[in-house]
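Engineer: Below is start_4.cif; it holds mmCIF, C-alpha atoms.
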```
data_data
loop_
_atom_site.label_atom_id
_atom_site.label_comp_id
_atom_site.auth_asym_id
_atom_site.auth_seq_id
_atom_site.Cartn_x
_atom_site.Cartn_y
_atom_site.Cartn_z
CA MET A 1 -23.15 83.51 132.87
CA ALA A 2 -19.94 82.79 134.77
CA LYS A 3 -18.96 80.34 132.03
CA GLU A 4 -19.41 83.01 129.36
CA ILE A 5 -17.29 85.44 131.36
CA ILE A 6 -14.53 82.84 131.63
CA ILE A 7 -14.67 82.13 127.89
CA PHE A 8 -14.62 85.87 127.10
CA SER A 9 -11.66 86.35 129.45
CA ILE A 10 -9.79 83.52 127.77
CA LEU A 11 -10.53 84.89 124.29
CA ALA A 12 -9.51 88.39 125.39
CA THR A 13 -6.28 87.02 126.82
CA VAL A 14 -5.55 85.12 123.61
CA VAL A 15 -6.26 88.21 121.51
CA ILE A 16 -4.01 90.31 123.73
CA LEU A 17 -1.26 87.71 123.49
CA ILE A 18 -1.58 87.58 119.71
CA LEU A 19 -1.51 91.39 119.48
CA SER A 20 1.49 91.46 121.80
CA VAL A 21 3.32 88.95 119.62
CA LEU A 22 2.42 90.91 116.49
CA VAL A 23 3.64 94.16 118.05
CA PHE A 24 6.84 92.44 119.15
CA LEU A 25 7.39 91.02 115.67
CA PHE A 26 6.64 94.41 114.14
CA ILE A 27 9.22 96.05 116.43
CA LEU A 28 11.76 93.38 115.49
CA LEU A 29 11.03 93.98 111.80
CA LEU A 30 11.50 97.73 112.22
CA GLN A 31 14.76 97.20 114.07
CA LYS A 32 15.95 94.84 111.36
CA LYS A 33 15.05 97.34 108.63
CA LYS A 34 16.77 100.10 110.60
CA HIS A 35 19.88 97.93 110.96
CA ILE A 36 19.86 97.14 107.23
CA PHE A 37 19.39 100.83 106.40
CA LEU A 38 22.28 101.85 108.68
CA GLN A 39 24.44 99.08 107.22
CA ASP A 40 23.60 100.12 103.65
CA THR A 41 24.34 103.74 104.53
CA ALA A 42 27.68 102.78 106.06
CA ASN A 43 28.55 100.64 103.03
CA LEU A 44 27.59 103.48 100.68
CA LYS A 45 29.72 105.93 102.65
CA THR A 46 32.64 103.49 102.63
CA SER A 47 32.24 102.92 98.90
CA PHE A 48 32.08 106.66 98.25
CA GLU A 49 35.18 107.34 100.36
CA ARG A 50 37.06 104.49 98.69
CA THR A 51 36.14 105.77 95.23
CA LEU A 52 37.05 109.31 96.26
CA LEU A 53 40.47 108.19 97.48
CA GLN A 54 41.05 106.24 94.26
CA ALA A 55 40.09 109.29 92.20
CA GLN A 56 42.47 111.49 94.20
CA LEU A 57 45.33 109.06 93.59
CA GLU A 58 44.49 108.86 89.88
CA ILE A 59 44.40 112.66 89.64
CA GLN A 60 47.83 112.84 91.27
CA GLU A 61 49.16 110.13 88.96
CA GLU A 62 47.78 111.89 85.88
CA THR A 63 49.17 115.22 87.11
CA PHE A 64 52.65 113.78 87.65
CA LYS A 65 52.47 112.20 84.20
CA ASN A 66 51.59 115.58 82.67
CA ILE A 67 54.36 117.29 84.63
CA SER A 68 56.91 114.70 83.52
CA GLN A 69 55.89 115.14 79.90
CA GLU A 70 55.88 118.94 80.24
CA ILE A 71 59.40 118.94 81.70
CA HIS A 72 60.68 116.60 78.99
CA ASP A 73 58.92 118.05 75.96
CA ASN A 74 58.88 121.77 76.73
CA ILE A 75 60.91 122.97 79.68
CA GLY A 76 63.83 120.60 79.05
CA GLN A 77 64.04 121.49 75.36
CA THR A 78 63.74 125.20 76.08
CA LEU A 79 66.54 125.06 78.67
CA SER A 80 68.69 123.15 76.18
CA LEU A 81 68.03 125.85 73.58
CA ILE A 82 68.93 128.56 76.12
CA LYS A 83 72.18 126.76 76.92
CA LEU A 84 73.00 126.43 73.21
CA THR A 85 72.24 130.10 72.59
CA ILE A 86 74.42 131.23 75.48
CA ASN A 87 77.30 129.03 74.34
CA THR A 88 77.19 130.56 70.87
CA ILE A 89 77.26 134.18 72.04
CA ASP A 90 80.26 136.02 70.63
CA LEU A 91 81.06 138.99 72.85
CA GLN A 92 83.09 140.48 70.01
CA ASP A 93 79.91 140.74 67.93
CA ILE A 94 77.89 143.10 70.12
CA PRO A 95 74.74 143.45 67.91
CA THR A 96 74.37 139.66 67.46
CA ALA A 97 75.16 139.00 71.12
CA SER A 98 72.54 141.57 72.18
CA ASN A 99 69.86 139.91 70.02
CA LYS A 100 70.72 136.50 71.43
CA LEU A 101 70.49 137.81 75.00
CA ILE A 102 67.06 139.31 74.26
CA GLU A 103 65.96 135.98 72.78
CA THR A 104 67.35 134.11 75.80
CA ASN A 105 65.51 136.44 78.17
CA GLY A 106 62.23 135.69 76.40
CA LEU A 107 62.86 131.95 76.59
CA LEU A 108 63.66 132.21 80.31
CA THR A 109 60.44 134.14 80.89
CA ASN A 110 58.48 131.33 79.24
CA VAL A 111 60.27 128.70 81.33
CA ILE A 112 59.52 130.59 84.55
CA GLN A 113 55.85 130.83 83.63
CA ASP A 114 55.74 127.11 82.78
CA LEU A 115 57.34 126.29 86.15
CA ARG A 116 54.75 128.44 87.92
CA ASP A 117 51.97 126.57 86.13
CA LEU A 118 53.53 123.27 87.16
CA SER A 119 53.82 124.38 90.78
CA LYS A 120 50.09 125.12 90.77
CA SER A 121 49.42 121.64 89.48
CA LEU A 122 51.48 120.13 92.29
CA ASN A 123 49.25 121.82 94.86
CA THR A 124 46.85 119.15 96.15
CA ASP A 125 44.26 121.86 96.80
CA TYR A 126 44.39 123.12 93.20
CA ILE A 127 40.89 121.97 92.33
CA ASN A 128 39.49 123.25 95.62
CA ASN A 129 41.14 126.66 95.23
CA ASN A 130 40.51 127.16 91.53
CA GLY A 131 37.28 125.27 90.90
CA ILE A 132 36.30 122.69 88.34
CA ILE A 133 36.29 125.08 85.36
CA SER A 134 39.87 126.32 85.83
CA SER A 135 41.01 122.75 86.45
CA ILE A 136 39.46 121.61 83.16
CA GLN A 137 41.10 124.55 81.40
CA GLN A 138 44.47 123.40 82.77
CA GLN A 139 43.91 119.90 81.38
CA LEU A 140 43.06 121.30 77.96
CA LEU A 141 46.16 123.48 78.12
CA TYR A 142 48.32 120.37 78.59
CA LEU A 143 46.78 118.87 75.45
CA GLU A 144 47.17 122.12 73.51
CA LYS A 145 50.87 122.33 74.37
CA THR A 146 51.53 119.00 72.69
CA GLY A 147 50.77 120.68 69.37
CA LEU A 148 48.48 117.79 68.45
CA TYR A 149 45.17 119.30 69.54
CA LYS A 150 43.19 122.48 69.22
CA THR A 151 41.06 122.87 72.34
CA THR A 152 38.20 125.17 73.29
CA LEU A 153 36.50 125.77 76.63
CA LYS A 154 33.22 127.69 76.81
CA HIS A 155 31.31 128.53 79.98
CA SER A 156 27.87 130.09 80.28
CA GLY A 157 25.39 130.55 83.08
CA GLY A 158 25.63 131.74 86.67
CA LEU A 159 27.92 130.88 89.52
CA PHE A 160 27.79 127.29 90.63
CA LYS A 161 29.92 125.60 93.27
CA LEU A 162 30.02 121.86 93.72
CA SER A 163 31.22 120.28 96.93
CA LEU A 164 34.94 119.44 96.90
CA ASN A 165 34.22 115.70 96.91
CA LYS A 166 31.94 116.05 93.90
CA GLU A 167 34.45 118.24 92.08
CA LEU A 168 37.25 115.74 92.63
CA LEU A 169 35.21 112.86 91.24
CA LEU A 170 33.82 114.96 88.38
CA PHE A 171 37.29 116.20 87.47
CA ARG A 172 38.61 112.63 87.38
CA ILE A 173 35.69 111.59 85.15
CA ILE A 174 36.53 114.41 82.73
CA GLN A 175 40.22 113.46 82.82
CA GLU A 176 39.27 109.90 81.90
CA LEU A 177 37.04 111.09 79.04
CA LEU A 178 39.82 113.33 77.68
CA ASN A 179 42.29 110.44 77.96
CA ASN A 180 39.90 108.25 75.97
CA ILE A 181 39.83 110.88 73.22
CA VAL A 182 43.65 110.95 73.16
CA LYS A 183 43.93 107.15 73.11
CA HIS A 184 41.11 106.13 70.80
CA ALA A 185 39.41 108.99 68.95
CA GLU A 186 42.16 109.99 66.48
CA ALA A 187 40.93 113.57 66.89
CA ASP A 188 42.74 116.88 66.67
CA GLU A 189 39.97 119.15 68.01
CA ILE A 190 38.37 119.00 71.46
CA GLU A 191 35.64 121.31 72.70
CA VAL A 192 34.24 121.49 76.22
CA ASN A 193 31.03 123.45 76.87
CA ILE A 194 29.92 124.09 80.46
CA ASN A 195 26.54 125.51 81.36
CA THR A 196 25.66 126.20 84.99
CA ASP A 197 22.67 127.47 86.90
CA GLU A 198 21.48 127.43 90.52
CA VAL A 199 20.81 123.70 90.70
CA LYS A 200 22.89 121.85 88.13
CA ILE A 201 25.90 121.83 85.85
CA LEU A 202 25.83 120.57 82.26
CA ILE A 203 29.08 119.60 80.54
CA ALA A 204 29.40 118.64 76.88
CA ILE A 205 32.71 117.19 75.63
CA ALA A 206 32.99 116.94 71.85
CA ASP A 207 35.73 115.85 69.47
CA ASN A 208 36.15 115.49 65.70
CA GLY A 209 37.59 111.98 65.79
CA LYS A 210 36.37 108.71 64.36
CA GLY A 211 33.50 108.40 66.84
CA PHE A 212 32.41 105.09 68.32
CA ASP A 213 30.12 102.15 67.75
CA ASN A 214 26.76 103.05 69.31
CA ASP A 215 25.64 99.43 69.55
CA LEU A 216 28.90 98.40 71.22
CA MET A 217 28.63 101.30 73.67
CA LYS A 218 25.05 100.34 74.58
CA GLN A 219 26.12 96.73 75.04
CA ARG A 220 29.00 97.70 77.32
CA ARG A 221 26.71 99.95 79.36
CA ALA A 222 24.11 97.21 79.68
CA GLU A 223 26.70 94.63 80.67
CA ASN A 224 28.65 97.16 82.77
CA THR A 225 31.92 96.05 81.15
CA GLY A 226 35.13 97.88 80.38
CA ILE A 227 37.16 99.19 83.33
CA GLY A 228 37.30 102.81 82.11
CA LEU A 229 33.60 102.99 81.28
CA LYS A 230 32.69 101.13 84.47
CA ASN A 231 34.65 103.62 86.60
CA ILE A 232 33.04 106.57 84.84
CA LEU A 233 29.51 105.20 85.26
CA SER A 234 29.99 104.25 88.92
CA ARG A 235 31.45 107.64 89.78
CA MET A 236 28.67 109.48 88.01
CA GLU A 237 26.19 107.44 90.03
CA LEU A 238 27.99 108.25 93.28
CA ILE A 239 27.80 112.00 92.66
CA GLY A 240 24.18 111.78 91.58
CA GLY A 241 24.80 112.60 87.93
CA SER A 242 24.00 111.16 84.52
CA ILE A 243 26.11 110.64 81.41
CA ASN A 244 25.20 110.01 77.77
CA PHE A 245 27.39 109.14 74.79
CA LYS A 246 26.41 110.26 71.29
CA HIS A 247 27.88 109.96 67.81
CA ARG A 248 28.30 113.26 65.99
CA ASN A 249 27.70 113.91 62.31
CA PRO A 250 29.64 113.90 60.08
CA LYS A 251 32.24 112.54 62.54
CA GLY A 252 33.32 112.63 66.13
CA SER A 253 31.71 111.92 69.47
CA LEU A 254 29.79 113.89 72.09
CA VAL A 255 29.58 113.12 75.81
CA LEU A 256 26.94 114.87 77.92
CA LEU A 257 27.25 115.06 81.71
CA GLU A 258 24.59 116.42 84.07
CA ILE A 259 25.22 116.89 87.79
CA PHE A 260 22.78 118.32 90.31
CA GLU A 261 23.64 120.41 93.35
CA ASN A 262 21.78 118.19 95.82
CA ASP A 263 24.29 115.67 97.13
CA GLN A 264 23.01 112.68 99.01
CA HIS A 265 26.47 111.33 99.63
CA GLU A 266 27.88 114.24 101.59
CA ASN A 267 29.73 113.35 104.77
#
```
Represent the supplied structure as structure tokens.

Structural biologist:
Amino acid sequence: MAKEIIIFSILATVVILILSVLVFLFILLLQKKKHIFLQDTANLKTSFERTLLQAQLEIQEETFKNISQEIHDNIGQTLSLIKLTINTIDLQDIPTASNKLIETNGLLTNVIQDLRDLSKSLNTDYINNNGIISSIQQQLLYLEKTGLYKTTLKHSGGLFKLSLNKELLLFRIIQELLNNIVKHAEADEIEVNINTDEVKILIAIADNGKGFDNDLMKQRRAENTGIGLKNILSRMELIGGSINFKHRNPKGSLVLLEIFENDQHEN
């Protein structure tokens, strides 16, 4: 009987030791998983912040480029025309001089308005203060002023406000898509349709250009190649959105973006 008790005690001790080891290993595994989760979260946050900073710098660069072109192509030429008009005013010819002064006043009014628009663009909080829709409208206005494009912006649905971080990244994505149209599409018409509701925003960007090779686009997406496309896809992923490229008939391209309100990358 005593022998059986000793054997039982030994077995019980062994079982307890094994259970203790298993519990200890389980705790270590949980701690390791927690550490990996925290590390992944930190890396994701760092990646998001790095991408956000890059997008902010690219937005500023694109804005300065637009401002430089606006000053050279429009404001500079208008001021030169004003100077020429003033220099040709003959004070002895009152009716003609009066007409030229009226014309000059109108030109100056346009220049002042253009300068006000540019000052808004220089404001780093422009997107935050005006929202994604007004910011897109401003980009289309720059394209319209070149005289090379006819642009349209349509908005339907209720009020929808993205976080500032999401709006910055989304705005940069749209800038990149518009730049691609300018560089590659050979289009002269651009239409942006925005539909919003309580939980998501849908954006469709269409042009009447030469379109693109669907097979090549699928291949680039699968291989994650092409710096511009890679940036667009990675940023859409960071803001929890999706993007699809389609060929339009009879010609042109269509890009569909879908972004949900729930943001898992908020700070």

Engineer: Could you please determine the separation between atom CA of Glu167 of chain A and atom CA of Phe212 of chain A in Å, to one decimal place?

Structural biologist: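 Distance between the two atoms: 27.2 Å.
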
Engineer: Under the rule that only C-alpha atoms are counted, which of A:Ser242, A:Asn179, A:Asn110, A:Ser156 is the nearest residue to Gln77 of chain A?

Structural biologist: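 Of A:Ser242, A:Asn179, A:Asn110, A:Ser156, the one nearest Gln77 of chain A is A:Asn110, counting only C-alpha atoms.
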
Engineer: Can you tell me how far atom CA of Leu169 of chain A sits from atom CA of Ile36 of chain A, in Å to one decimal?

Structural biologist: 27.2 Å

Engineer: Excluding Val192 of chain A and any residue of its chain fewer than 4 positions from it, enumerate the residues within 6 Å of it, using all atoms listed in the file, and give them as number ranges by chain.

Structural biologist: A: 153, 204-205

Engineer: Write out as a list in words which residues come within 9 Å of Leu257 of chain A when counting only C-alpha atoms, dropping same-chain ones fewer than 3 positions away.

Structural biologist: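 The filter keeps Ile201, Leu202, Ile203, Ala204, Ile205, Met236, Gly241, Ser242, Ile243 and Asn244 of chain A.
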
Engineer: Using the selection just defined, write its residues with C-alpha atoms as a compact mmCIF listing (two decimals), in the frame of the given file.

Structural biologist:
```
# COMPACT_ATOMS: atom_id res chain seq x y z
CA ILE A 201 25.90 121.83 85.85
CA LEU A 202 25.83 120.57 82.26
CA ILE A 203 29.08 119.60 80.54
CA ALA A 204 29.40 118.64 76.88
CA ILE A 205 32.71 117.19 75.63
CA MET A 236 28.67 109.48 88.01
CA GLY A 241 24.80 112.60 87.93
CA SER A 242 24.00 111.16 84.52
CA ILE A 243 26.11 110.64 81.41
CA ASN A 244 25.20 110.01 77.77
```

Engineer: Selected by the PyMOL selection byres ((chain A and resi 199) around 6) in the shown coordinates: which residues, as a short mmCIF file (atom, residue, chain, number, x, y, z; two decimals) with C-alpha atoms, in the coordinates of the input?

Structural biologist:
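Saved the output as expr07.cif:
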```
data_model
loop_
_atom_site.label_atom_id
_atom_site.label_comp_id
_atom_site.auth_asym_id
_atom_site.auth_seq_id
_atom_site.Cartn_x
_atom_site.Cartn_y
_atom_site.Cartn_z
CA ASP A 197 22.67 127.47 86.90
CA GLU A 198 21.48 127.43 90.52
CA LYS A 200 22.89 121.85 88.13
CA PHE A 260 22.78 118.32 90.31
CA GLU A 261 23.64 120.41 93.35
#
```

Engineer: Written as a PDB file with C-alpha atoms, in the frame of the given file, what is the full residue list that the PyMOL selection byres ((chain A and resi 82) around 9) yields on the file shown?

Structural biologist:
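Heads up, here's the output in out_2.pdb:
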```
ATOM      1  CA  GLN A  77      64.040 121.490  75.360  1.00  0.00           C
ATOM      2  CA  THR A  78      63.740 125.200  76.080  1.00  0.00           C
ATOM      3  CA  LEU A  79      66.540 125.060  78.670  1.00  0.00           C
ATOM      4  CA  SER A  80      68.690 123.150  76.180  1.00  0.00           C
ATOM      5  CA  LEU A  81      68.030 125.850  73.580  1.00  0.00           C
ATOM      6  CA  LYS A  83      72.180 126.760  76.920  1.00  0.00           C
ATOM      7  CA  LEU A  84      73.000 126.430  73.210  1.00  0.00           C
ATOM      8  CA  THR A  85      72.240 130.100  72.590  1.00  0.00           C
ATOM      9  CA  ILE A  86      74.420 131.230  75.480  1.00  0.00           C
ATOM     10  CA  ASN A  87      77.300 129.030  74.340  1.00  0.00           C
ATOM     11  CA  GLU A 103      65.960 135.980  72.780  1.00  0.00           C
ATOM     12  CA  THR A 104      67.350 134.110  75.800  1.00  0.00           C
ATOM     13  CA  ASN A 105      65.510 136.440  78.170  1.00  0.00           C
ATOM     14  CA  LEU A 107      62.860 131.950  76.590  1.00  0.00           C
ATOM     15  CA  LEU A 108      63.660 132.210  80.310  1.00  0.00           C
TER      16      LEU A 108
END
```
